[in-house]
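Structure data (mmCIF, C-alpha atoms (C1' of nucleotides)) from model_25.cif:
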```cif
data_target
loop_
_atom_site.label_atom_id
_atom_site.label_comp_id
_atom_site.auth_asym_id
_atom_site.auth_seq_id
_atom_site.Cartn_x
_atom_site.Cartn_y
_atom_site.Cartn_z
CA MET A 135 -131.95 143.11 17.91
CA LYS A 136 -133.53 146.05 16.17
CA VAL A 137 -132.03 147.50 13.03
CA GLY A 138 -130.57 150.54 14.78
CA GLU A 139 -128.74 148.46 17.38
CA VAL A 140 -127.28 146.20 14.75
CA ALA A 141 -126.26 149.13 12.59
CA LYS A 142 -124.57 150.88 15.47
CA ALA A 143 -122.79 147.76 16.68
CA ALA A 144 -121.51 147.02 13.20
CA GLY A 145 -120.63 150.60 12.35
CA VAL A 146 -122.86 150.94 9.31
CA ASN A 147 -126.00 152.95 8.95
CA VAL A 148 -129.56 151.77 9.00
CA GLN A 149 -130.17 152.36 5.31
CA THR A 150 -127.31 150.04 4.51
CA LEU A 151 -129.14 147.24 6.33
CA HIS A 152 -132.32 148.06 4.45
CA TYR A 153 -130.24 147.86 1.30
CA TYR A 154 -128.71 144.52 2.32
CA GLU A 155 -132.17 143.17 2.91
CA ARG A 156 -133.37 144.36 -0.49
CA VAL A 157 -130.48 142.75 -2.33
CA GLY A 158 -130.86 139.61 -0.24
CA ILE A 159 -127.45 139.43 1.39
CA LEU A 160 -128.71 139.85 4.96
CA LYS A 161 -132.30 139.45 6.02
CA PRO A 162 -133.72 139.98 9.52
CA ARG A 163 -134.76 136.82 11.33
CA SER A 164 -138.31 138.12 11.61
CA ARG A 165 -140.54 141.13 12.01
CA SER A 166 -142.31 142.37 15.12
CA ASN A 167 -146.06 142.95 15.14
CA SER A 168 -145.51 146.55 14.20
CA GLY A 169 -143.21 145.56 11.34
CA TYR A 170 -139.89 146.28 13.04
CA ARG A 171 -137.00 144.20 11.76
CA ASP A 172 -135.59 141.71 14.26
CA TYR A 173 -132.03 140.54 13.67
CA ASP A 174 -130.29 137.70 15.44
CA ASN A 175 -126.93 138.09 17.10
CA SER A 176 -124.84 136.79 14.22
CA ALA A 177 -125.94 139.78 12.13
CA VAL A 178 -123.18 142.01 13.44
CA ARG A 179 -120.51 139.48 12.60
CA ILE A 180 -121.98 138.93 9.17
CA ILE A 181 -121.79 142.64 8.48
CA GLN A 182 -118.20 142.73 9.66
CA PHE A 183 -117.39 139.84 7.40
CA ILE A 184 -119.05 141.64 4.49
CA LYS A 185 -117.02 144.77 5.13
CA HIS A 186 -113.75 142.89 5.34
CA ALA A 187 -114.51 140.92 2.22
CA GLN A 188 -115.36 144.08 0.31
CA GLU A 189 -111.96 145.51 1.14
CA LEU A 190 -110.48 142.42 -0.44
CA GLY A 191 -112.23 143.03 -3.72
CA PHE A 192 -115.22 140.72 -3.34
CA SER A 193 -118.57 141.95 -4.62
CA LEU A 194 -121.74 141.54 -2.57
CA ASP A 195 -122.76 138.71 -4.89
CA GLU A 196 -119.53 136.87 -4.24
CA ILE A 197 -119.81 137.49 -0.54
CA GLN A 198 -123.34 136.15 -0.52
CA ASP A 199 -122.00 133.10 -2.21
CA LEU A 200 -119.33 132.71 0.45
CA LEU A 201 -121.86 133.14 3.23
CA ALA A 202 -124.06 130.50 1.67
CA LEU A 203 -121.33 127.93 2.33
CA ARG A 204 -121.93 128.42 6.01
CA ALA A 205 -125.65 127.65 5.78
CA ASP A 206 -125.41 124.75 3.35
CA LYS A 207 -122.79 123.04 5.44
CA LYS A 208 -125.01 120.34 6.91
CA SER A 209 -127.00 119.53 3.79
CA LYS A 210 -125.21 119.16 0.45
CA CYS A 211 -121.68 118.20 1.16
CA GLU A 212 -120.12 117.70 -2.23
CA ASN A 213 -121.81 120.85 -3.43
CA VAL A 214 -120.26 122.86 -0.63
CA GLN A 215 -116.90 121.30 -1.35
CA ARG A 216 -117.03 122.23 -5.01
CA GLN A 217 -118.07 125.79 -4.27
CA ALA A 218 -115.54 126.21 -1.51
CA ALA A 219 -112.83 124.90 -3.82
CA VAL A 220 -113.70 127.50 -6.43
CA HIS A 221 -113.50 130.28 -3.89
CA LEU A 222 -110.35 128.87 -2.43
CA LYS A 223 -108.69 129.09 -5.81
CA ASP A 224 -109.77 132.70 -6.14
CA VAL A 225 -108.49 133.51 -2.67
CA LYS A 226 -105.16 131.87 -3.39
CA ALA A 227 -104.82 133.88 -6.59
CA LYS A 228 -105.46 137.08 -4.68
CA ILE A 229 -102.91 136.17 -2.07
CA ALA A 230 -100.34 135.48 -4.77
CA LYS A 231 -100.92 138.86 -6.34
CA LEU A 232 -100.73 140.62 -3.01
CA GLU A 233 -97.54 138.77 -2.17
CA ALA A 234 -96.06 140.03 -5.41
CA ILE A 235 -97.03 143.58 -4.55
CA LYS A 236 -95.75 143.13 -1.02
CA LYS A 237 -92.39 141.90 -2.23
CA THR A 238 -92.15 144.78 -4.65
CA LEU A 239 -92.88 147.33 -1.96
CA GLU A 240 -90.31 145.75 0.31
CA VAL A 241 -87.73 145.87 -2.46
CA LEU A 242 -88.66 149.47 -3.14
CA ILE A 243 -88.15 150.40 0.50
CA GLU A 244 -84.90 148.46 0.68
CA ASP A 245 -83.51 149.89 -2.55
CA CYS A 246 -84.35 153.33 -1.36
CA ARG A 247 -82.63 152.81 1.94
CA GLY A 248 -79.50 151.51 0.28
CA ARG A 249 -79.59 154.06 -2.56
CA LYS A 250 -79.30 151.34 -5.17
CA THR A 251 -82.27 152.08 -7.35
CA GLU A 252 -81.42 150.05 -10.40
CA ALA A 253 -84.72 148.25 -10.82
CA GLU A 254 -86.58 149.98 -13.58
CA CYS A 255 -90.26 149.65 -12.86
CA PRO A 256 -90.80 147.21 -10.04
CA LEU A 257 -94.49 147.83 -9.55
CA LEU A 258 -95.31 147.35 -13.19
CA ASP A 259 -93.44 144.11 -13.44
CA CYS A 260 -94.61 142.65 -10.17
CA LEU A 261 -97.87 141.43 -11.66
CA ALA A 262 -96.56 140.58 -15.10
CA ASP A 263 -95.93 137.00 -14.15
CA GLU A 264 -97.53 134.20 -16.09
CA ARG A 265 -99.36 132.76 -13.07
CA PHE A 266 -101.51 135.86 -12.77
CA ARG A 267 -102.64 135.51 -16.35
CA ILE A 268 -103.69 131.94 -15.68
CA ALA A 269 -105.91 133.12 -12.87
CA GLU A 270 -107.48 135.65 -15.19
CA GLY A 271 -108.02 133.18 -17.98
CA GLU A 272 -109.84 130.80 -15.69
CA LYS A 273 -112.09 133.56 -14.50
CA ASP A 274 -113.04 134.37 -18.10
CA GLU A 275 -113.86 130.77 -18.90
CA SER A 276 -116.44 130.48 -16.15
CA MET B 282 -99.16 153.60 -29.72
CA LYS B 283 -102.61 154.91 -30.52
CA VAL B 284 -105.44 154.56 -28.05
CA GLY B 285 -107.13 151.73 -29.94
CA GLU B 286 -104.00 149.60 -30.01
CA VAL B 287 -103.38 150.07 -26.33
CA ALA B 288 -106.99 149.32 -25.48
CA LYS B 289 -106.99 146.17 -27.55
CA ALA B 290 -103.68 144.96 -26.16
CA ALA B 291 -104.80 145.54 -22.60
CA GLY B 292 -108.30 144.18 -23.09
CA VAL B 293 -110.17 147.32 -22.12
CA ASN B 294 -112.13 149.65 -24.30
CA VAL B 295 -111.14 153.02 -25.64
CA GLN B 296 -113.55 154.96 -23.47
CA THR B 297 -111.92 153.48 -20.40
CA LEU B 298 -108.64 155.03 -21.46
CA HIS B 299 -110.34 158.35 -22.04
CA TYR B 300 -111.75 157.96 -18.54
CA TYR B 301 -108.34 157.11 -17.08
CA GLU B 302 -106.93 160.20 -18.69
CA ARG B 303 -109.71 162.35 -17.29
CA VAL B 304 -109.23 161.11 -13.75
CA GLY B 305 -105.47 161.39 -14.14
CA ILE B 306 -104.43 157.81 -13.55
CA LEU B 307 -102.98 157.24 -17.01
CA LYS B 308 -102.15 160.00 -19.45
CA PRO B 309 -100.85 159.56 -23.00
CA ARG B 310 -97.21 160.53 -23.50
CA SER B 311 -98.23 163.12 -26.10
CA ARG B 312 -100.64 164.06 -28.84
CA SER B 313 -100.13 163.91 -32.59
CA ASN B 314 -100.65 167.01 -34.75
CA SER B 315 -104.22 165.96 -35.34
CA GLY B 316 -104.79 165.46 -31.63
CA TYR B 317 -104.50 161.67 -31.53
CA ARG B 318 -103.35 160.29 -28.18
CA ASP B 319 -99.91 158.67 -28.23
CA TYR B 320 -99.17 156.16 -25.48
CA ASP B 321 -95.79 154.70 -24.66
CA ASN B 322 -95.22 150.99 -24.36
CA SER B 323 -95.55 150.77 -20.61
CA ALA B 324 -99.20 151.81 -20.90
CA VAL B 325 -100.40 148.26 -21.44
CA ARG B 326 -98.59 147.00 -18.35
CA ILE B 327 -99.91 149.90 -16.32
CA ILE B 328 -103.45 149.02 -17.32
CA GLN B 329 -102.88 145.39 -16.40
CA PHE B 330 -101.52 146.47 -13.06
CA ILE B 331 -104.58 148.66 -12.52
CA LYS B 332 -106.90 145.77 -13.32
CA HIS B 333 -105.12 143.38 -10.99
CA ALA B 334 -105.05 145.91 -8.20
CA GLN B 335 -108.75 146.59 -8.60
CA GLU B 336 -109.49 142.92 -8.10
CA LEU B 337 -107.63 143.19 -4.82
CA GLY B 338 -109.89 145.93 -3.56
CA PHE B 339 -107.75 148.97 -4.35
CA SER B 340 -109.52 152.05 -5.63
CA LEU B 341 -108.19 154.01 -8.59
CA ASP B 342 -106.96 156.67 -6.18
CA GLU B 343 -105.00 154.13 -4.19
CA ILE B 344 -103.63 152.62 -7.37
CA GLN B 345 -102.55 156.00 -8.62
CA ASP B 346 -100.76 156.43 -5.34
CA LEU B 347 -99.01 153.09 -5.77
CA LEU B 348 -98.01 153.95 -9.32
CA ALA B 349 -96.59 157.25 -8.13
CA LEU B 350 -94.00 155.34 -6.10
CA ARG B 351 -92.55 154.10 -9.34
CA ALA B 352 -92.07 157.60 -10.74
CA ASP B 353 -90.83 159.28 -7.58
CA LYS B 354 -88.26 156.63 -6.97
CA LYS B 355 -85.22 158.64 -8.07
CA SER B 356 -86.15 161.91 -6.43
CA LYS B 357 -87.52 161.97 -2.86
CA CYS B 358 -86.27 158.89 -1.17
CA GLU B 359 -87.57 159.14 2.37
CA ASN B 360 -90.92 160.23 1.01
CA VAL B 361 -91.16 157.14 -1.16
CA GLN B 362 -90.14 155.01 1.78
CA ARG B 363 -92.81 156.40 4.02
CA GLN B 364 -95.51 156.00 1.38
CA ALA B 365 -94.40 152.53 0.46
CA ALA B 366 -94.40 151.56 4.12
CA VAL B 367 -98.00 152.68 4.49
CA HIS B 368 -99.07 150.66 1.48
CA LEU B 369 -97.04 147.72 2.64
CA LYS B 370 -98.94 147.67 5.90
CA ASP B 371 -102.23 147.74 4.03
CA VAL B 372 -101.10 144.92 1.75
CA LYS B 373 -99.99 142.83 4.69
CA ALA B 374 -103.36 143.35 6.38
CA LYS B 375 -105.13 142.19 3.24
CA ILE B 376 -102.95 139.13 3.01
CA ALA B 377 -103.69 138.29 6.64
CA LYS B 378 -107.43 138.51 6.04
CA LEU B 379 -107.21 136.43 2.90
CA GLU B 380 -105.12 133.84 4.71
CA ALA B 381 -107.83 133.61 7.35
CA ILE B 382 -110.47 133.09 4.67
CA LYS B 383 -108.25 130.60 2.91
CA LYS B 384 -107.74 128.58 6.07
CA THR B 385 -111.44 128.62 6.75
CA LEU B 386 -112.28 127.38 3.29
CA GLU B 387 -109.71 124.64 3.60
CA VAL B 388 -111.18 123.58 6.92
CA LEU B 389 -114.63 123.67 5.41
CA ILE B 390 -113.56 121.40 2.58
CA GLU B 391 -111.75 119.09 4.96
CA ASP B 392 -114.60 118.91 7.45
CA CYS B 393 -116.98 118.15 4.67
CA ARG B 394 -114.82 115.40 3.34
CA GLY B 395 -114.47 113.80 6.77
CA ARG B 396 -118.11 114.41 7.75
CA LYS B 397 -117.07 116.08 10.97
CA THR B 398 -118.92 119.37 10.71
CA GLU B 399 -118.73 120.56 14.29
CA ALA B 400 -117.50 124.07 13.68
CA GLU B 401 -120.44 126.35 13.95
CA CYS B 402 -119.87 129.25 11.66
CA PRO B 403 -116.33 129.14 10.34
CA LEU B 404 -116.63 131.95 7.85
CA LEU B 405 -118.08 134.34 10.34
CA ASP B 406 -115.41 133.72 12.89
CA CYS B 407 -112.51 133.73 10.51
CA LEU B 408 -112.29 137.52 10.44
CA ALA B 409 -113.30 138.11 14.04
CA ASP B 410 -109.72 138.18 15.22
CA GLU B 411 -108.37 141.22 17.02
CA ARG B 412 -105.63 141.87 14.47
CA PHE B 413 -108.20 142.72 11.79
CA ARG B 414 -109.80 145.32 14.01
CA ILE B 415 -106.42 146.95 14.55
CA ALA B 416 -106.02 147.31 10.82
CA GLU B 417 -109.40 148.98 10.58
CA GLY B 418 -108.73 151.31 13.44
CA GLU B 419 -105.56 152.56 11.85
CA LYS B 420 -107.36 153.20 8.59
CA ASP B 421 -109.94 155.33 10.39
CA GLU B 422 -107.27 157.40 12.10
CA SER B 423 -105.71 158.60 8.88
"C1'" DC C 71 -151.46 161.89 26.38
"C1'" DT C 72 -147.74 164.03 24.45
"C1'" DT C 73 -142.85 164.28 23.24
"C1'" DG C 74 -138.68 162.25 21.43
"C1'" DA C 75 -136.22 158.58 19.77
"C1'" DC C 76 -136.92 155.05 17.36
"C1'" DC C 77 -139.10 152.28 13.29
"C1'" DC C 78 -141.52 151.78 8.61
"C1'" DT C 79 -141.88 152.40 3.14
"C1'" DC C 80 -140.91 154.79 -0.97
"C1'" DT C 81 -138.35 157.42 -3.84
"C1'" DA C 82 -134.49 160.31 -5.01
"C1'" DT C 83 -129.68 161.16 -4.98
"C1'" DC C 84 -124.66 160.26 -4.73
"C1'" DT C 85 -119.89 158.21 -5.88
"C1'" DA C 86 -116.85 155.20 -8.39
"C1'" DG C 87 -115.87 153.27 -12.43
"C1'" DG C 88 -116.98 152.86 -16.39
"C1'" DT C 89 -119.92 152.45 -21.26
"C1'" DA C 90 -122.49 154.44 -25.11
"C1'" DT C 91 -123.72 157.72 -28.46
"C1'" DA C 92 -123.89 161.89 -31.26
"C1'" DG C 93 -121.54 164.80 -34.28
"C1'" DG C 94 -117.50 165.52 -36.52
"C1'" DG C 95 -112.25 165.19 -38.08
"C1'" DT C 96 -108.09 162.08 -39.99
"C1'" DG C 97 -105.58 159.09 -42.89
"C1'" DT C 98 -104.72 155.65 -46.10
"C1'" DA C 99 -106.08 152.16 -49.74
"C1'" DG C 100 -108.31 151.59 -53.90
"C1'" DC D 30 -111.50 161.56 -54.33
"C1'" DT D 31 -114.12 158.70 -51.71
"C1'" DA D 32 -114.85 154.88 -48.53
"C1'" DC D 33 -113.79 153.00 -44.28
"C1'" DA D 34 -111.56 152.34 -40.09
"C1'" DC D 35 -109.86 154.87 -37.02
"C1'" DC D 36 -109.51 159.23 -33.93
"C1'" DC D 37 -111.53 163.47 -31.40
"C1'" DT D 38 -114.82 165.99 -27.81
"C1'" DA D 39 -118.91 166.34 -25.23
"C1'" DT D 40 -122.61 164.58 -23.02
"C1'" DA D 41 -125.66 161.05 -21.43
"C1'" DC D 42 -126.30 156.89 -19.38
"C1'" DC D 43 -125.34 152.49 -16.67
"C1'" DT D 44 -124.26 149.35 -12.44
"C1'" DA D 45 -122.90 148.59 -7.71
"C1'" DG D 46 -123.20 150.02 -3.34
"C1'" DA D 47 -124.79 152.80 -0.70
"C1'" DT D 48 -126.98 157.41 1.51
"C1'" DA D 49 -130.58 160.82 2.29
"C1'" DG D 50 -135.04 162.65 2.68
"C1'" DA D 51 -140.32 162.74 2.92
"C1'" DG D 52 -144.24 161.30 5.13
"C1'" DG D 53 -145.96 158.61 8.55
"C1'" DG D 54 -146.36 154.81 12.48
"C1'" DT D 55 -144.59 152.90 17.39
"C1'" DC D 56 -143.44 153.02 22.10
"C1'" DA D 57 -141.61 154.13 26.64
"C1'" DA D 58 -140.82 158.10 29.86
"C1'" DG D 59 -142.59 161.91 32.06
#
```

As structure tokens, please, write out the structure in this file.
Amino acid sequence: MKVGEVAKAAGVNVQTLHYYERVGILKPRSRSNSGYRDYDNSAVRIIQFIKHAQELGFSLDEIQDLLALRADKKSKCENVQRQAAVHLKDVKAKIAKLEAIKKTLEVLIEDCRGRKTEAECPLLDCLADERFRIAEGEKDES
Amino acid sequence: MKVGEVAKAAGVNVQTLHYYERVGILKPRSRSNSGYRDYDNSAVRIIQFIKHAQELGFSLDEIQDLLALRADKKSKCENVQRQAAVHLKDVKAKIAKLEAIKKTLEVLIEDCRGRKTEAECPLLDCLADERFRIAEGEKDES
DNA sequence: CTTGACCCTCTATCTAGGTATAGGGTGTAG
DNA sequence: CTACACCCTATACCTAGATAGAGGGTCAAG
């Protein structure tokens, strides 16, 4: 696939793919004689994965790291396991925070409906829990 | 509290608070005679909330919007409900995506451990589900 | 054999979210 | 009354993640 096809299919523009190549997150499989980029079919899905992951607060570096797990799969098993475990922890922490926000929003909606707005500052408190600090601390230590 | 105290307590630097004031996400309660910013005690928690929310892929604009729910609570009930419902949907979509990534990582770790690496590209497929596209579509419509 | 839609590289520019620095005022402890 | 740690404003600069030309090559259709 040529760069324009991939870009269109994935809903990004061509320059973005040039950019992804430059930063090393997504390289074309090869180049044609005339220098045209040639992408394989997984490219579109990779781009979609990147876009989803960005919405979840992952940087391109982190995403590259996640994508690397896919490629390394066959070769260095314990390495992949260790890396995957690190990311898994991060993902779980994010889920926990989002669950806290979710719960808070639900309470907010419910309180509103029932006109019993006693809770003082639900959104501020929803992430004040100790477990979120732990996640932060571990990030700093790395 | 003066700006330096707040910054230190929240683990950000003073310029960041100046920036937050400029963009309107966090304003000091008042100014002293000599023009010193005076923050109230909730400022530190607000900053922590902002930092957590950023890690989850929310922009400062979105976070400001979330924080507004807290303030509006007493006044315009159905308005708050509608806004909260929109954010709730977004949060749920994020959780669903993270759950998919989580599951994939767990499978990856498990497959590795058991040496049964048949799955072709788990991370690429994990967000290919139709429900994630729906979430995107709805974002575009707004 | 030219026209139009592609592709290339290179460089500049933009936005979000800060971070740094210059030049100057404040306030309190010694 | 001065030294030092703080505060102020204004402006410049930085990184990530794109986005937009300029200037030129490629290729398939007519």

(Q) Quick one: residues within 12 Å of segment 193-206 of chain A, only C-alpha atoms (C1' of nucleotides), excluding same-chain residues fewer than 6 positions away - as a PyMOL selection string? (A) (chain A and resi 153-155+157-161+176-177+179-187+212-222+224-225) or (chain B and resi 335-338+382-383+385-386+388-390+393+398-407) or (chain D and resi 45-47)

Residues of the last selection are to be written out with C-alpha atoms (C1' of nucleotides), as a PDB file, in the coordinates of the input.
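What ended up in part.pdb:
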```
ATOM      1  CA  TYR A 153    -130.240 147.860   1.300  1.00  0.00           C
ATOM      2  CA  TYR A 154    -128.710 144.520   2.320  1.00  0.00           C
ATOM      3  CA  GLU A 155    -132.170 143.170   2.910  1.00  0.00           C
ATOM      4  CA  VAL A 157    -130.480 142.750  -2.330  1.00  0.00           C
ATOM      5  CA  GLY A 158    -130.860 139.610  -0.240  1.00  0.00           C
ATOM      6  CA  ILE A 159    -127.450 139.430   1.390  1.00  0.00           C
ATOM      7  CA  LEU A 160    -128.710 139.850   4.960  1.00  0.00           C
ATOM      8  CA  LYS A 161    -132.300 139.450   6.020  1.00  0.00           C
ATOM      9  CA  SER A 176    -124.840 136.790  14.220  1.00  0.00           C
ATOM     10  CA  ALA A 177    -125.940 139.780  12.130  1.00  0.00           C
ATOM     11  CA  ARG A 179    -120.510 139.480  12.600  1.00  0.00           C
ATOM     12  CA  ILE A 180    -121.980 138.930   9.170  1.00  0.00           C
ATOM     13  CA  ILE A 181    -121.790 142.640   8.480  1.00  0.00           C
ATOM     14  CA  GLN A 182    -118.200 142.730   9.660  1.00  0.00           C
ATOM     15  CA  PHE A 183    -117.390 139.840   7.400  1.00  0.00           C
ATOM     16  CA  ILE A 184    -119.050 141.640   4.490  1.00  0.00           C
ATOM     17  CA  LYS A 185    -117.020 144.770   5.130  1.00  0.00           C
ATOM     18  CA  HIS A 186    -113.750 142.890   5.340  1.00  0.00           C
ATOM     19  CA  ALA A 187    -114.510 140.920   2.220  1.00  0.00           C
ATOM     20  CA  GLU A 212    -120.120 117.700  -2.230  1.00  0.00           C
ATOM     21  CA  ASN A 213    -121.810 120.850  -3.430  1.00  0.00           C
ATOM     22  CA  VAL A 214    -120.260 122.860  -0.630  1.00  0.00           C
ATOM     23  CA  GLN A 215    -116.900 121.300  -1.350  1.00  0.00           C
ATOM     24  CA  ARG A 216    -117.030 122.230  -5.010  1.00  0.00           C
ATOM     25  CA  GLN A 217    -118.070 125.790  -4.270  1.00  0.00           C
ATOM     26  CA  ALA A 218    -115.540 126.210  -1.510  1.00  0.00           C
ATOM     27  CA  ALA A 219    -112.830 124.900  -3.820  1.00  0.00           C
ATOM     28  CA  VAL A 220    -113.700 127.500  -6.430  1.00  0.00           C
ATOM     29  CA  HIS A 221    -113.500 130.280  -3.890  1.00  0.00           C
ATOM     30  CA  LEU A 222    -110.350 128.870  -2.430  1.00  0.00           C
ATOM     31  CA  ASP A 224    -109.770 132.700  -6.140  1.00  0.00           C
ATOM     32  CA  VAL A 225    -108.490 133.510  -2.670  1.00  0.00           C
TER      33      VAL A 225
ATOM     34  CA  GLN B 335    -108.750 146.590  -8.600  1.00  0.00           C
ATOM     35  CA  GLU B 336    -109.490 142.920  -8.100  1.00  0.00           C
ATOM     36  CA  LEU B 337    -107.630 143.190  -4.820  1.00  0.00           C
ATOM     37  CA  GLY B 338    -109.890 145.930  -3.560  1.00  0.00           C
ATOM     38  CA  ILE B 382    -110.470 133.090   4.670  1.00  0.00           C
ATOM     39  CA  LYS B 383    -108.250 130.600   2.910  1.00  0.00           C
ATOM     40  CA  THR B 385    -111.440 128.620   6.750  1.00  0.00           C
ATOM     41  CA  LEU B 386    -112.280 127.380   3.290  1.00  0.00           C
ATOM     42  CA  VAL B 388    -111.180 123.580   6.920  1.00  0.00           C
ATOM     43  CA  LEU B 389    -114.630 123.670   5.410  1.00  0.00           C
ATOM     44  CA  ILE B 390    -113.560 121.400   2.580  1.00  0.00           C
ATOM     45  CA  CYS B 393    -116.980 118.150   4.670  1.00  0.00           C
ATOM     46  CA  THR B 398    -118.920 119.370  10.710  1.00  0.00           C
ATOM     47  CA  GLU B 399    -118.730 120.560  14.290  1.00  0.00           C
ATOM     48  CA  ALA B 400    -117.500 124.070  13.680  1.00  0.00           C
ATOM     49  CA  GLU B 401    -120.440 126.350  13.950  1.00  0.00           C
ATOM     50  CA  CYS B 402    -119.870 129.250  11.660  1.00  0.00           C
ATOM     51  CA  PRO B 403    -116.330 129.140  10.340  1.00  0.00           C
ATOM     52  CA  LEU B 404    -116.630 131.950   7.850  1.00  0.00           C
ATOM     53  CA  LEU B 405    -118.080 134.340  10.340  1.00  0.00           C
ATOM     54  CA  ASP B 406    -115.410 133.720  12.890  1.00  0.00           C
ATOM     55  CA  CYS B 407    -112.510 133.730  10.510  1.00  0.00           C
TER      56      CYS B 407
ATOM     57  C1'  DA D  45    -122.900 148.590  -7.710  1.00  0.00           C
ATOM     58  C1'  DG D  46    -123.200 150.020  -3.340  1.00  0.00           C
ATOM     59  C1'  DA D  47    -124.790 152.800  -0.700  1.00  0.00           C
TER      60       DA D  47
END
```

Q: Run through the PyMOL selection byres ((chain C and resi 79-90) around 7) on the given coordinates and return the selected residues as an NGL selection string.
A: (:B and (297)) or (:C and (78 or 91))

Q) If you measure from atom CA of Glu233 of chain A to atom CA of Ala381 of chain B, what distance in Å do you get, rounded to one decimal? A)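 One can read the atom CA of Glu233 of chain A to atom CA of Ala381 of chain B distance as 14.9 Å.
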
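Here the PyMOL selection byres ((chain B) within 9 of (chain D)) captures the residues B:Lys283, B:Val284, B:Gly285, B:Ser315, B:Gly316, B:Tyr317, B:Arg318.
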
Keeping only C-alpha atoms, write the selected residues as an mmCIF file, keeping the file's coordinate frame.
```
data_model
loop_
_atom_site.group_PDB
_atom_site.id
_atom_site.type_symbol
_atom_site.label_atom_id
_atom_site.label_comp_id
_atom_site.auth_asym_id
_atom_site.auth_seq_id
_atom_site.Cartn_x
_atom_site.Cartn_y
_atom_site.Cartn_z
ATOM 1 C CA LYS B 283 -102.610 154.910 -30.520
ATOM 2 C CA VAL B 284 -105.440 154.560 -28.050
ATOM 3 C CA GLY B 285 -107.130 151.730 -29.940
ATOM 4 C CA SER B 315 -104.220 165.960 -35.340
ATOM 5 C CA GLY B 316 -104.790 165.460 -31.630
ATOM 6 C CA TYR B 317 -104.500 161.670 -31.530
ATOM 7 C CA ARG B 318 -103.350 160.290 -28.180
#
```

Q. Atom CA of Glu240 of chain A and atom CA of Lys370 of chain B, how far apart in Å?
A.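 For atom CA of Lys370 of chain B relative to atom CA of Glu240 of chain A, the distance reads 10.5 Å.
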